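Just final06.csv here, CSV, C-alpha atoms:
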```csv
chain,number,residue,atom,x,y,z
A,1278,MET,CA,-21.2,-5.6,-27.8
A,1279,PHE,CA,-21.5,-9.4,-27.9
A,1280,LYS,CA,-23.8,-11.4,-30.3
A,1281,TYR,CA,-23.1,-14.9,-29.0
A,1282,PHE,CA,-22.6,-16.2,-25.5
A,1283,ILE,CA,-20.8,-19.5,-25.2
A,1284,GLY,CA,-21.1,-21.6,-22.0
A,1285,VAL,CA,-18.5,-24.2,-21.3
A,1286,ASP,CA,-18.8,-27.0,-18.7
A,1287,VAL,CA,-15.4,-28.5,-18.0
A,1288,SER,CA,-14.5,-31.9,-16.6
A,1289,LYS,CA,-11.3,-33.8,-16.3
A,1290,ASP,CA,-11.3,-35.5,-19.8
A,1291,LYS,CA,-13.8,-33.5,-21.8
A,1292,PHE,CA,-15.8,-30.3,-22.0
A,1293,ASN,CA,-19.3,-29.4,-23.2
A,1294,PHE,CA,-20.2,-26.2,-24.9
A,1295,ALA,CA,-23.4,-24.4,-25.8
A,1296,VAL,CA,-23.8,-21.3,-28.0
A,1297,ILE,CA,-26.5,-18.9,-26.9
A,1298,ASN,CA,-27.7,-16.1,-29.2
A,1299,GLY,CA,-29.2,-12.7,-28.2
A,1300,ASP,CA,-32.7,-14.3,-28.0
A,1301,LEU,CA,-31.4,-16.8,-25.4
A,1302,GLU,CA,-31.8,-19.6,-27.9
A,1303,ASN,CA,-29.3,-22.6,-27.8
A,1304,ILE,CA,-28.2,-22.6,-31.5
A,1305,ASP,CA,-25.3,-25.0,-31.2
A,1306,ASN,CA,-23.7,-27.4,-28.7
A,1307,GLY,CA,-21.3,-30.3,-28.4
A,1308,CYS,CA,-18.9,-32.4,-26.4
A,1309,ILE,CA,-15.1,-32.2,-27.1
A,1310,GLU,CA,-12.1,-34.1,-25.8
A,1311,MET,CA,-9.7,-32.3,-23.4
A,1312,ASN,CA,-6.7,-32.5,-25.6
A,1313,ARG,CA,-4.8,-30.5,-28.3
A,1314,THR,CA,-7.0,-32.0,-31.1
A,1315,GLY,CA,-10.1,-31.0,-29.1
A,1316,PHE,CA,-8.9,-27.5,-28.5
A,1317,GLU,CA,-8.2,-27.0,-32.2
A,1318,GLU,CA,-11.7,-28.4,-33.0
A,1319,PHE,CA,-13.3,-26.0,-30.6
A,1320,LYS,CA,-11.3,-23.1,-32.1
A,1321,SER,CA,-12.6,-23.9,-35.5
A,1322,LYS,CA,-16.2,-23.8,-34.2
A,1323,LEU,CA,-15.6,-20.5,-32.5
A,1324,ASP,CA,-14.1,-19.0,-35.6
A,1325,PHE,CA,-17.5,-19.4,-37.3
A,1326,TYR,CA,-19.0,-16.8,-34.9
A,1327,GLN,CA,-18.2,-13.1,-34.4
A,1328,ASP,CA,-18.5,-10.9,-31.3
A,1329,ILE,CA,-18.5,-13.8,-28.8
A,1330,ILE,CA,-17.8,-14.2,-25.1
A,1331,ILE,CA,-16.9,-17.6,-23.7
A,1332,ALA,CA,-17.8,-18.3,-20.0
A,1333,MET,CA,-16.8,-21.3,-17.9
A,1334,GLU,CA,-16.9,-22.2,-14.2
A,1335,SER,CA,-13.8,-22.1,-12.0
A,1336,THR,CA,-13.2,-25.8,-11.5
A,1337,GLY,CA,-10.0,-25.9,-9.4
A,1338,SER,CA,-7.6,-26.8,-12.1
A,1339,TYR,CA,-9.4,-28.6,-15.0
A,1340,HIS,CA,-10.4,-25.3,-16.7
A,1341,ILE,CA,-6.9,-23.7,-16.7
A,1342,ASN,CA,-5.5,-25.3,-19.9
A,1343,LEU,CA,-8.5,-24.5,-21.9
A,1344,LEU,CA,-8.7,-21.0,-20.5
A,1345,SER,CA,-5.0,-20.5,-21.3
A,1346,PHE,CA,-5.5,-21.8,-24.9
A,1347,LEU,CA,-8.5,-19.5,-25.5
A,1348,GLY,CA,-6.6,-16.5,-24.1
A,1349,ALA,CA,-3.6,-17.2,-26.3
A,1350,ASN,CA,-5.9,-17.1,-29.3
A,1351,ASN,CA,-7.4,-13.8,-28.2
A,1352,PHE,CA,-10.9,-15.0,-27.4
A,1353,LYS,CA,-12.8,-12.9,-24.8
A,1354,THR,CA,-13.3,-15.2,-21.8
A,1355,ALA,CA,-15.1,-15.1,-18.4
A,1356,LEU,CA,-14.5,-17.2,-15.3
A,1357,VAL,CA,-17.5,-17.6,-13.0
A,1358,ASN,CA,-17.8,-18.9,-9.4
A,1359,PRO,CA,-19.7,-22.2,-9.5
A,1360,ALA,CA,-21.9,-21.0,-6.6
A,1361,LEU,CA,-23.2,-18.2,-8.8
A,1362,ILE,CA,-24.1,-20.6,-11.6
A,1363,LYS,CA,-25.9,-22.9,-9.1
A,1364,LYS,CA,-27.9,-20.1,-7.7
A,1365,PHE,CA,-28.8,-18.8,-11.1
A,1366,SER,CA,-29.8,-22.3,-12.2
A,1367,GLU,CA,-32.1,-22.7,-9.1
A,1368,GLY,CA,-33.7,-19.4,-9.8
A,1369,SER,CA,-34.2,-20.0,-13.5
A,1370,SER,CA,-35.9,-23.4,-13.4
A,1371,LEU,CA,-37.8,-25.7,-11.1
A,1372,ARG,CA,-36.4,-28.8,-12.9
A,1373,LYS,CA,-34.0,-30.9,-11.0
A,1374,THR,CA,-32.4,-32.4,-14.1
A,1375,LYS,CA,-28.6,-31.8,-14.2
A,1376,THR,CA,-26.4,-32.8,-17.1
A,1377,ASP,CA,-23.1,-31.4,-18.6
A,1378,GLU,CA,-25.1,-30.3,-21.7
A,1379,LEU,CA,-27.6,-28.4,-19.6
A,1380,ASP,CA,-24.8,-26.9,-17.4
A,1381,ALA,CA,-23.1,-25.5,-20.5
A,1382,VAL,CA,-26.4,-23.9,-21.6
A,1383,THR,CA,-26.9,-22.5,-18.1
A,1384,ILE,CA,-23.4,-20.9,-18.0
A,1385,GLY,CA,-24.1,-19.3,-21.4
A,1386,LYS,CA,-27.4,-17.9,-20.2
A,1387,PHE,CA,-25.8,-16.7,-17.0
A,1388,ILE,CA,-23.2,-14.6,-18.8
A,1389,PHE,CA,-25.8,-13.2,-21.1
A,1390,LYS,CA,-27.9,-12.1,-18.1
A,1391,ASN,CA,-24.9,-10.7,-16.3
A,1392,ILE,CA,-23.0,-9.1,-19.1
A,1393,GLU,CA,-23.1,-5.7,-17.5
A,1394,TYR,CA,-21.0,-7.1,-14.6
A,1395,LEU,CA,-18.4,-8.7,-16.9
A,1396,ASP,CA,-15.6,-7.0,-15.1
A,1397,ARG,CA,-16.3,-9.3,-12.1
A,1398,PHE,CA,-15.7,-12.4,-14.2
A,1399,VAL,CA,-12.4,-11.5,-15.9
A,1400,PRO,CA,-10.4,-14.6,-15.5
A,1401,TYR,CA,-7.2,-14.8,-13.6
A,1402,SER,CA,-4.1,-14.7,-15.8
A,1403,VAL,CA,-2.5,-18.1,-15.9
A,1404,ASP,CA,1.0,-16.8,-16.7
A,1405,GLU,CA,4.1,-17.5,-14.7
A,1406,VAL,CA,3.8,-14.6,-12.3
A,1407,THR,CA,0.2,-15.5,-11.4
A,1408,ALA,CA,1.2,-19.1,-10.8
A,1409,LEU,CA,4.0,-17.8,-8.4
A,1410,ALA,CA,1.4,-15.7,-6.6
A,1411,ARG,CA,-0.9,-18.7,-6.2
A,1412,LEU,CA,2.0,-20.8,-5.0
A,1413,ARG,CA,3.0,-18.2,-2.4
A,1414,GLU,CA,-0.6,-17.9,-1.1
A,1415,ASN,CA,-0.7,-21.7,-0.7
A,1416,ILE,CA,2.6,-21.7,1.2
A,1417,VAL,CA,1.4,-19.0,3.5
A,1418,LYS,CA,-1.7,-21.1,4.2
A,1419,GLU,CA,0.4,-24.2,4.9
A,1420,ILE,CA,2.6,-22.2,7.3
A,1421,ALA,CA,-0.4,-21.0,9.2
A,1422,LYS,CA,-1.7,-24.6,9.4
A,1423,THR,CA,1.6,-26.0,10.5
A,1424,LYS,CA,2.0,-23.3,13.2
A,1425,THR,CA,-1.4,-24.2,14.5
A,1426,GLN,CA,-0.5,-27.9,14.6
A,1427,LEU,CA,2.8,-27.2,16.4
A,1428,LYS,CA,1.2,-25.0,19.0
A,1429,GLN,CA,-1.5,-27.7,19.7
A,1430,ASN,CA,1.1,-30.4,20.1
A,1431,LEU,CA,3.3,-28.2,22.3
A,1432,ASN,CA,0.3,-27.5,24.5
A,1433,LEU,CA,0.3,-31.2,25.2
A,1434,VAL,CA,4.0,-31.8,25.3
A,1435,PHE,CA,5.5,-28.6,26.8
A,1436,PRO,CA,2.6,-26.2,27.8
A,1437,GLU,CA,4.9,-24.1,29.9
A,1438,ILE,CA,7.0,-23.0,27.0
A,1439,VAL,CA,3.9,-21.9,25.0
A,1440,LYS,CA,2.9,-19.6,27.9
A,1441,GLU,CA,6.4,-18.3,28.5
A,1442,CYS,CA,7.5,-17.0,25.1
A,1443,ASN,CA,6.9,-16.9,21.3
A,1444,ILE,CA,7.4,-20.5,20.3
A,1445,PHE,CA,7.9,-19.5,16.7
A,1446,ASN,CA,11.1,-17.6,17.6
A,1447,ASP,CA,14.0,-19.1,15.6
A,1448,THR,CA,15.9,-19.9,18.9
A,1449,ILE,CA,13.0,-21.8,20.4
A,1450,LEU,CA,12.4,-23.7,17.2
A,1451,ASN,CA,16.1,-24.7,16.8
A,1452,ILE,CA,16.3,-25.9,20.5
A,1453,LEU,CA,13.0,-27.8,20.3
A,1454,GLU,CA,14.1,-29.4,17.1
A,1455,VAL,CA,16.9,-31.1,19.0
A,1456,PHE,CA,15.1,-31.4,22.4
A,1457,PRO,CA,11.4,-31.7,21.5
A,1458,THR,CA,10.1,-32.7,24.9
A,1459,PRO,CA,10.7,-31.7,28.6
A,1460,GLU,CA,11.9,-35.2,29.2
A,1461,SER,CA,14.6,-35.0,26.5
A,1462,ILE,CA,15.7,-31.6,28.0
A,1463,ARG,CA,15.9,-33.0,31.5
A,1464,LYS,CA,17.9,-36.0,30.4
A,1465,ALA,CA,20.3,-34.0,28.2
A,1466,PRO,CA,23.9,-33.4,29.5
A,1467,LYS,CA,24.2,-29.8,30.7
A,1468,SER,CA,27.1,-29.1,28.3
A,1469,LYS,CA,25.1,-30.3,25.2
A,1470,LEU,CA,21.9,-28.5,26.2
A,1471,LYS,CA,23.7,-25.3,27.0
A,1472,GLY,CA,25.7,-25.6,23.8
A,1473,VAL,CA,22.6,-25.9,21.7
A,1474,PHE,CA,20.8,-23.1,23.5
A,1475,ASN,CA,23.8,-20.7,23.2
A,1476,LYS,CA,24.3,-21.6,19.5
A,1477,ALA,CA,20.6,-21.0,18.7
A,1478,SER,CA,20.6,-17.7,20.7
A,1479,LYS,CA,23.3,-16.2,18.5
A,1480,GLY,CA,20.9,-16.0,15.5
A,1481,LYS,CA,19.5,-12.7,14.4
A,1482,LYS,CA,16.1,-13.4,15.9
A,1483,GLY,CA,17.6,-15.1,18.9
A,1484,ARG,CA,19.1,-11.9,20.2
A,1485,ASN,CA,15.6,-10.7,20.9
A,1486,LEU,CA,14.8,-13.7,23.1
A,1487,SER,CA,14.1,-12.8,26.7
A,1488,LEU,CA,14.2,-16.5,27.9
A,1489,THR,CA,17.4,-17.4,29.6
A,1490,TYR,CA,19.0,-20.8,29.7
A,1491,ASP,CA,18.3,-21.2,33.5
A,1492,ARG,CA,14.7,-20.3,33.0
A,1493,PHE,CA,14.4,-22.7,30.1
A,1494,LYS,CA,15.8,-25.5,32.1
A,1495,GLU,CA,13.5,-24.6,35.0
A,1496,LEU,CA,10.4,-24.8,32.8
A,1497,ALA,CA,11.4,-28.2,31.6
A,1498,LEU,CA,12.1,-29.5,35.1
A,1499,ASP,CA,8.6,-28.4,36.3
A,1500,SER,CA,6.7,-29.3,33.2
A,1501,ILE,CA,3.5,-31.3,33.3
A,1502,GLY,CA,3.6,-32.1,29.6
A,1503,ILE,CA,3.4,-35.5,28.0
A,1504,SER,CA,6.7,-37.1,27.2
A,1505,SER,CA,6.8,-39.9,24.7
A,1506,GLU,CA,8.8,-40.9,21.6
A,1507,GLY,CA,5.7,-40.5,19.5
A,1508,TYR,CA,5.0,-36.9,20.5
A,1509,ALA,CA,8.7,-36.1,20.2
A,1510,LYS,CA,8.7,-37.2,16.6
A,1511,ILE,CA,5.5,-35.2,15.9
A,1512,VAL,CA,6.9,-32.0,17.4
A,1513,GLU,CA,10.2,-32.5,15.5
A,1514,HIS,CA,8.3,-33.1,12.3
A,1515,ASN,CA,6.2,-30.0,12.8
A,1516,ILE,CA,9.3,-27.9,13.3
A,1517,LYS,CA,11.2,-29.3,10.3
A,1518,SER,CA,8.1,-28.8,8.1
A,1519,LEU,CA,7.7,-25.2,9.4
A,1520,LYS,CA,11.3,-24.3,8.7
A,1521,PHE,CA,11.2,-25.8,5.3
A,1522,LEU,CA,8.0,-23.9,4.4
A,1523,GLN,CA,9.5,-20.7,5.7
A,1524,SER,CA,12.6,-21.1,3.5
A,1525,GLN,CA,10.4,-21.9,0.5
A,1526,LEU,CA,8.3,-18.8,1.2
A,1527,GLU,CA,11.3,-16.5,1.3
A,1528,GLU,CA,12.6,-18.0,-2.0
A,1529,ILE,CA,9.3,-17.8,-3.8
A,1530,SER,CA,8.6,-14.3,-2.5
A,1531,ASN,CA,11.9,-12.9,-3.7
A,1532,ASP,CA,11.3,-14.5,-7.2
A,1533,PHE,CA,7.7,-13.2,-7.3
A,1534,ILE,CA,8.6,-9.7,-6.3
A,1535,ASP,CA,11.5,-9.6,-8.8
A,1536,LYS,CA,9.3,-10.6,-11.7
A,1537,ILE,CA,6.7,-8.0,-10.8
A,1538,ASN,CA,9.4,-5.3,-10.6
A,1539,ASP,CA,10.6,-6.4,-14.0
A,1540,SER,CA,7.2,-5.8,-15.6
A,1541,LYS,CA,5.4,-3.4,-13.4
A,1542,LYS,CA,8.1,-1.4,-11.7
A,1543,ASP,CA,6.2,2.0,-12.0
A,1544,ASP,CA,3.1,0.5,-10.4
A,1545,MET,CA,5.2,-1.0,-7.5
A,1546,GLU,CA,6.8,2.4,-6.9
A,1547,ILE,CA,3.4,4.1,-6.8
A,1548,LEU,CA,1.9,1.6,-4.4
A,1549,SER,CA,5.0,1.7,-2.2
A,1550,SER,CA,4.7,5.5,-1.9
A,1551,ILE,CA,1.8,4.8,0.5
A,1552,LYS,CA,3.5,4.2,3.9
A,1553,GLY,CA,2.3,0.8,5.2
A,1554,ILE,CA,2.2,-1.0,1.9
A,1555,GLY,CA,5.1,-3.4,1.5
A,1556,ASN,CA,6.5,-5.0,-1.6
A,1557,THR,CA,4.8,-8.3,-1.1
A,1558,THR,CA,1.2,-7.1,-0.7
A,1559,ALA,CA,1.8,-4.5,-3.5
A,1560,ALA,CA,3.0,-7.3,-5.8
A,1561,HIS,CA,-0.1,-9.5,-5.0
A,1562,PHE,CA,-2.4,-6.5,-5.7
A,1563,ILE,CA,-0.7,-5.8,-9.0
A,1564,VAL,CA,-0.8,-9.4,-10.3
A,1565,GLU,CA,-4.6,-9.6,-9.6
A,1566,VAL,CA,-5.5,-6.2,-11.1
A,1567,ARG,CA,-2.9,-6.5,-13.9
A,1568,ASP,CA,-3.9,-3.3,-15.7
A,1569,ILE,CA,-5.8,-0.5,-14.0
A,1570,ASN,CA,-7.1,0.7,-17.3
A,1571,ARG,CA,-9.3,-2.4,-17.5
A,1572,PHE,CA,-11.6,-0.7,-15.1
A,1573,GLU,CA,-13.8,2.2,-16.3
A,1574,ASN,CA,-14.0,3.7,-12.8
A,1575,ARG,CA,-13.3,2.9,-9.1
A,1576,ASN,CA,-16.7,1.3,-8.6
A,1577,LYS,CA,-15.8,-1.3,-11.3
A,1578,LEU,CA,-12.6,-2.1,-9.4
A,1579,SER,CA,-14.4,-2.3,-6.1
A,1580,ALA,CA,-16.9,-4.8,-7.6
A,1581,TYR,CA,-14.0,-6.8,-9.1
A,1582,ALA,CA,-12.4,-7.0,-5.6
A,1583,GLY,CA,-15.8,-8.0,-4.1
A,1584,ILE,CA,-15.8,-5.2,-1.5
A,1585,ASP,CA,-18.8,-3.3,-2.9
A,1586,PRO,CA,-21.8,-3.2,-0.6
A,1587,SER,CA,-24.5,-5.8,-1.2
A,1588,PHE,CA,-28.1,-4.7,-1.7
A,1589,LYS,CA,-31.5,-6.3,-1.9
A,1590,GLU,CA,-34.3,-4.9,-4.1
A,1591,SER,CA,-37.9,-5.7,-3.9
A,1592,GLY,CA,-40.5,-3.6,-5.7
A,1593,THR,CA,-39.8,0.0,-4.7
A,1594,SER,CA,-37.8,-1.0,-1.7
A,1595,VAL,CA,-34.0,-1.1,-1.8
A,1596,ASN,CA,-32.1,-2.3,1.2
A,1597,ILE,CA,-28.4,-1.6,1.2
A,1598,LYS,CA,-26.6,-4.0,3.6
A,1599,GLY,CA,-23.5,-3.4,5.6
A,1600,LYS,CA,-21.8,-6.6,4.2
A,1601,VAL,CA,-19.6,-6.7,1.2
A,1602,THR,CA,-20.7,-8.9,-1.7
A,1603,LYS,CA,-17.6,-11.2,-1.7
A,1604,LYS,CA,-18.4,-12.1,-5.3
A,1605,GLY,CA,-15.2,-10.8,-6.7
A,1606,ASN,CA,-11.5,-11.8,-6.8
A,1607,LYS,CA,-10.8,-13.5,-3.4
A,1608,SER,CA,-7.0,-13.2,-3.8
A,1609,LEU,CA,-7.3,-9.4,-4.6
A,1610,ARG,CA,-9.6,-9.0,-1.6
A,1611,ARG,CA,-7.1,-10.7,0.7
A,1612,ALA,CA,-4.2,-8.6,-0.6
A,1613,LEU,CA,-6.3,-5.4,-0.1
A,1614,TYR,CA,-7.1,-6.3,3.4
A,1615,LEU,CA,-3.5,-6.9,4.3
A,1616,MET,CA,-2.6,-3.6,2.7
A,1617,ALA,CA,-5.3,-1.9,4.7
A,1618,THR,CA,-4.0,-3.5,7.9
A,1619,GLY,CA,-0.6,-2.1,7.1
A,1620,VAL,CA,-1.7,1.5,6.5
A,1621,MET,CA,-4.0,1.4,9.5
A,1622,LYS,CA,-0.9,0.6,11.7
A,1623,PHE,CA,1.8,2.7,10.0
A,1624,ASN,CA,0.1,5.5,8.0
A,1625,ASP,CA,-1.2,8.4,10.1
A,1626,TYR,CA,-3.6,9.5,7.4
A,1627,PHE,CA,-5.4,6.2,7.0
A,1628,ARG,CA,-5.2,5.4,10.7
A,1629,ALA,CA,-7.1,8.6,11.4
A,1630,TYR,CA,-9.8,7.5,8.9
A,1631,TYR,CA,-10.0,4.1,10.6
A,1632,LEU,CA,-10.3,5.7,14.1
A,1633,LYS,CA,-12.9,8.1,12.8
A,1634,LYS,CA,-15.1,5.2,11.6
A,1635,LYS,CA,-14.6,3.5,15.0
A,1636,SER,CA,-15.7,6.7,16.8
A,1637,GLU,CA,-18.9,6.6,14.7
A,1638,GLY,CA,-19.8,3.3,16.2
A,1639,MET,CA,-18.4,0.9,13.7
A,1640,SER,CA,-17.0,-2.5,14.7
A,1641,HIS,CA,-13.4,-3.2,13.9
A,1642,ARG,CA,-14.5,-5.4,10.9
A,1643,LYS,CA,-16.8,-2.7,9.4
A,1644,ALA,CA,-14.2,0.0,10.0
A,1645,MET,CA,-11.6,-2.1,8.1
A,1646,ILE,CA,-14.0,-2.7,5.2
A,1647,ALA,CA,-14.5,1.1,5.1
A,1648,LEU,CA,-10.7,1.5,5.1
A,1649,CYS,CA,-10.3,-1.0,2.4
A,1650,ASN,CA,-12.7,1.0,0.2
A,1651,LYS,CA,-11.0,4.2,0.9
A,1652,LEU,CA,-7.6,2.7,0.2
A,1653,LEU,CA,-8.8,1.2,-3.1
A,1654,ARG,CA,-10.2,4.6,-4.2
A,1655,THR,CA,-6.9,6.2,-3.4
A,1656,ILE,CA,-4.9,3.5,-5.3
A,1657,PHE,CA,-7.3,3.7,-8.3
A,1658,ALA,CA,-6.7,7.5,-8.5
A,1659,LEU,CA,-2.9,7.2,-8.2
A,1660,LEU,CA,-2.5,4.4,-10.7
A,1661,THR,CA,-4.8,6.1,-13.3
A,1662,ARG,CA,-3.0,9.4,-12.9
A,1663,ARG,CA,0.4,7.8,-12.6
A,1664,GLU,CA,1.2,9.9,-9.5
A,1665,PHE,CA,2.7,9.1,-6.1
A,1666,PHE,CA,0.8,9.4,-2.8
A,1667,VAL,CA,0.4,12.7,-1.1
A,1668,ILE,CA,-2.4,13.6,1.3
A,1669,LYS,CA,-4.2,16.0,-1.1
A,1670,TYR,CA,-5.0,13.0,-3.5
A,1671,SER,CA,-6.9,11.0,-0.9
```

Output the file's structure in the form of structure tokens.
Amino acid sequence: MFKYFIGVDVSKDKFNFAVINGDLENIDNGCIEMNRTGFEEFKSKLDFYQDIIIAMESTGSYHINLLSFLGANNFKTALVNPALIKKFSEGSSLRKTKTDELDAVTIGKFIFKNIEYLDRFVPYSVDEVTALARLRENIVKEIAKTKTQLKQNLNLVFPEIVKECNIFNDTILNILEVFPTPESIRKAPKSKLKGVFNKASKGKKGRNLSLTYDRFKELALDSIGISSEGYAKIVEHNIKSLKFLQSQLEEISNDFIDKINDSKKDDMEILSSIKGIGNTTAAHFIVEVRDINRFENRNKLSAYAGIDPSFKESGTSVNIKGKVTKKGNKSLRRALYLMATGVMKFNDYFRAYYLKKKSEGMSHRKAMIALCNKLLRTIFALLTRREFFVIKYS
């Protein structure tokens, strides 16, 4: 299929390339500036060859502009986890020498040796929708981090409130933003404190709050928490940051889902026909898979997601392990796990499958991996057949 395998080692201001032929010979190489002139120079070199595949490491952000340029010019590209390149290099040579030129050669040889697994190295799309998906993932991570920080600080400042209720309830957040420490609650005029409490409790989520004003005041009066201006500012900052991130998440999520619906409405409807899969996780799944027809079979899709079982072969012995490879698309794997969690809770059919695996002695983690695989097989069948979910198709 491919005659030439081109490895690219990318850095901030330049990139090295090496052209490997079918005999694993390095027949061309060079170093090019990371700018428009350099990109055009690289393209002119690539146009000299036919049937090529270009591979590079995922470098955080440095590779994205070059990858986007190559994709826009219809070059076949592959994006490889640096850990795989490092492992391949260590297994291929005992030499400790490491240069950008040699790294480019190593990447070219890696893709030559692993061309049968090319579907695992299909690069992420760098279009607007994928960028929104990445942004949303980052915001979700920041929210989780901020919640952890807030809980840790409240355990020092107001441990009683942490034990009493859900501190991430809108009512609690709104009150603590105004009165961040028990001391500030104790010193607050009753009319002001009660006014803030009642106003916050009128919110949509506040109606579900079981904590009364009297109980809230009692917790503050008996609190053993630290009261200081420093911690008050820290708690207030945590809450403001959390509320800002949550508002950003809602805005980005709506925009993200709308754009997926504009381009992949049919796929969204098919995935949403499975009870337990929401619009957000469905959208993340679709943006990572892009086109189900890229995968010859469900095993290829499973490998791309990185949930295929790992195995070790030695001589005539083959040991299939219970762990997944985790060599595929991390974002797709995360979306799939969230989808599996949803169907396990709300879909009787998939929940029965999960409970069956648990009854066979599997731990929760292994049963969830099995459920992920079953769900992925189901989704592959539905998307390729363009059909909605019914039990007989599972």

Task: Exercise: region 1497-1511 of chain A partners within 7 Å, only C-alpha atoms, chain neighbours under 5 positions left out, as a PyMOL selection string - done: chain A and resi 1433-1437+1457-1460+1462-1463

Considering all atoms listed in the file, tabulate each residue of region 1479-1546 of chain A that lies at most 8 Å from region 1556-1579 of chain A along with its nearest interatomic pair and the corresponding distance in Å to one decimal; arrange the rows by chain and ascending residue number and present them as a Markdown table.
```
| residue | atom | partner | partner_atom | distance |
| --- | --- | --- | --- | --- |
| A:Ser1530 | CA | A:Thr1557 | CA | 7.2 |
| A:Phe1533 | CA | A:Ala1560 | CA | 7.7 |
| A:Ile1534 | CA | A:Ala1560 | CA | 6.1 |
| A:Ile1537 | CA | A:Ala1560 | CA | 6.3 |
| A:Lys1541 | CA | A:Ile1563 | CA | 7.9 |
| A:Asp1544 | CA | A:Ile1563 | CA | 7.5 |
| A:Met1545 | CA | A:Ala1559 | CA | 6.3 |
```

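Rounded to one decimal, CA of Phe1474 (chain A) and CA of Ile1438 (chain A) lie 14.2 Å from each other.
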
Open item on the list: Quick one: residues within 12 Å of Phe1316 (chain A), all atoms listed in the file, excluding same-chain residues fewer than 4 positions away - as a list in words?
Closed with: Lys1291, Phe1292, Asn1293, Phe1294, Cys1308, Ile1309, Glu1310, Met1311, Asn1312, Lys1320, Ser1321, Lys1322, Leu1323, Asn1342, Leu1343, Leu1344, Ser1345, Phe1346, Leu1347, Ala1349 and Asn1350 of chain A

Task: Distance query Ile1554 (chain A) at most 7 Å, only C-alpha atoms, self and fewer than 4 positions along chain excluded, as a count of residues only - done: 7

Task: For CA of Asn1538 (chain A) and CA of Cys1649 (chain A), the interatomic separation in Å (one decimal) - done: 24.0 Å

Task: Interatomic distance (Å, one decimal) between CA of Ile1547 (chain A) and CA of Ala1355 (chain A) - done: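 Spanning CA of Ile1547 (chain A) to CA of Ala1355 (chain A) is a straight-line distance of 29.1 Å.
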
Open item on the list: I'd like to know which of A:Gln1327, A:Ser1636, A:Thr1655, A:Thr1314 is closest to Lys1280 (chain A), using all atoms listed in the file.
Closed with: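 Smallest separation from Lys1280 (chain A) among the options: A:Gln1327.
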
Polymer residues at most 12 Å from Thr1423 (chain A), all atoms listed in the file, same-chain spacing of 6 or more positions, as a short mmCIF file (atom, residue, chain, number, x, y, z; two decimals) with C-alpha atoms, in the frame of the given file:
```cif
data_model
loop_
_atom_site.label_atom_id
_atom_site.label_comp_id
_atom_site.auth_asym_id
_atom_site.auth_seq_id
_atom_site.Cartn_x
_atom_site.Cartn_y
_atom_site.Cartn_z
CA ILE A 1416 2.60 -21.70 1.20
CA VAL A 1417 1.40 -19.00 3.50
CA GLN A 1429 -1.50 -27.70 19.70
CA ASN A 1430 1.10 -30.40 20.10
CA PHE A 1445 7.90 -19.50 16.70
CA ILE A 1511 5.50 -35.20 15.90
CA VAL A 1512 6.90 -32.00 17.40
CA GLU A 1513 10.20 -32.50 15.50
CA HIS A 1514 8.30 -33.10 12.30
CA ASN A 1515 6.20 -30.00 12.80
CA ILE A 1516 9.30 -27.90 13.30
CA LYS A 1517 11.20 -29.30 10.30
CA SER A 1518 8.10 -28.80 8.10
CA LEU A 1519 7.70 -25.20 9.40
CA LYS A 1520 11.30 -24.30 8.70
CA PHE A 1521 11.20 -25.80 5.30
CA LEU A 1522 8.00 -23.90 4.40
CA GLN A 1523 9.50 -20.70 5.70
#
```

Task: Option closest in space to Glu1454 (chain A), from A:Ala1477, A:Val1667, A:Leu1609, A:Ile1584 [counting all atoms listed in the file] - done: A:Ala1477

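Comparing A:Val1399, A:Leu1379, A:Leu1453, A:Val1406 by their smallest distance to Ser1335 (chain A), the closest is A:Val1399 (using only C-alpha atoms).
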
Open item on the list: Using only C-alpha atoms for the distances, tell me which of A:Ile1329, A:Ala1617, A:Ile1392, A:Val1287 is nearest to Thr1376 (chain A).
Closed with: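 So, comparing all the options, the nearest one is A:Val1287.
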
TODO: Mind checking which residues fall within 12 Å of Val1473 (chain A), counting all atoms listed in the file, ignoring those fewer than 6 positions away in the same chain, and posting them as a list of chain:residue names?
DONE: A:Thr1448, A:Ile1449, A:Leu1450, A:Asn1451, A:Ile1452, A:Leu1453, A:Glu1454, A:Val1455, A:Phe1456, A:Ile1462, A:Ala1465, A:Pro1466, A:Lys1467, A:Lys1479, A:Gly1480, A:Tyr1490

Task: Closest of A:Arg1413, A:Lys1607, A:Lys1289, A:Arg1628 to Glu1528 (chain A) - atom-to-atom distances counting only C-alpha atoms - done: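 Of all the options, A:Arg1413 lies closest to Glu1528 (chain A).
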
Task: Residue nearest Leu1615 (chain A) - candidates A:Glu1546, A:Lys1643, A:Asp1535, A:Gly1553, atoms counted: only C-alpha atoms - done: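 So, comparing all the options, the nearest one is A:Gly1553.
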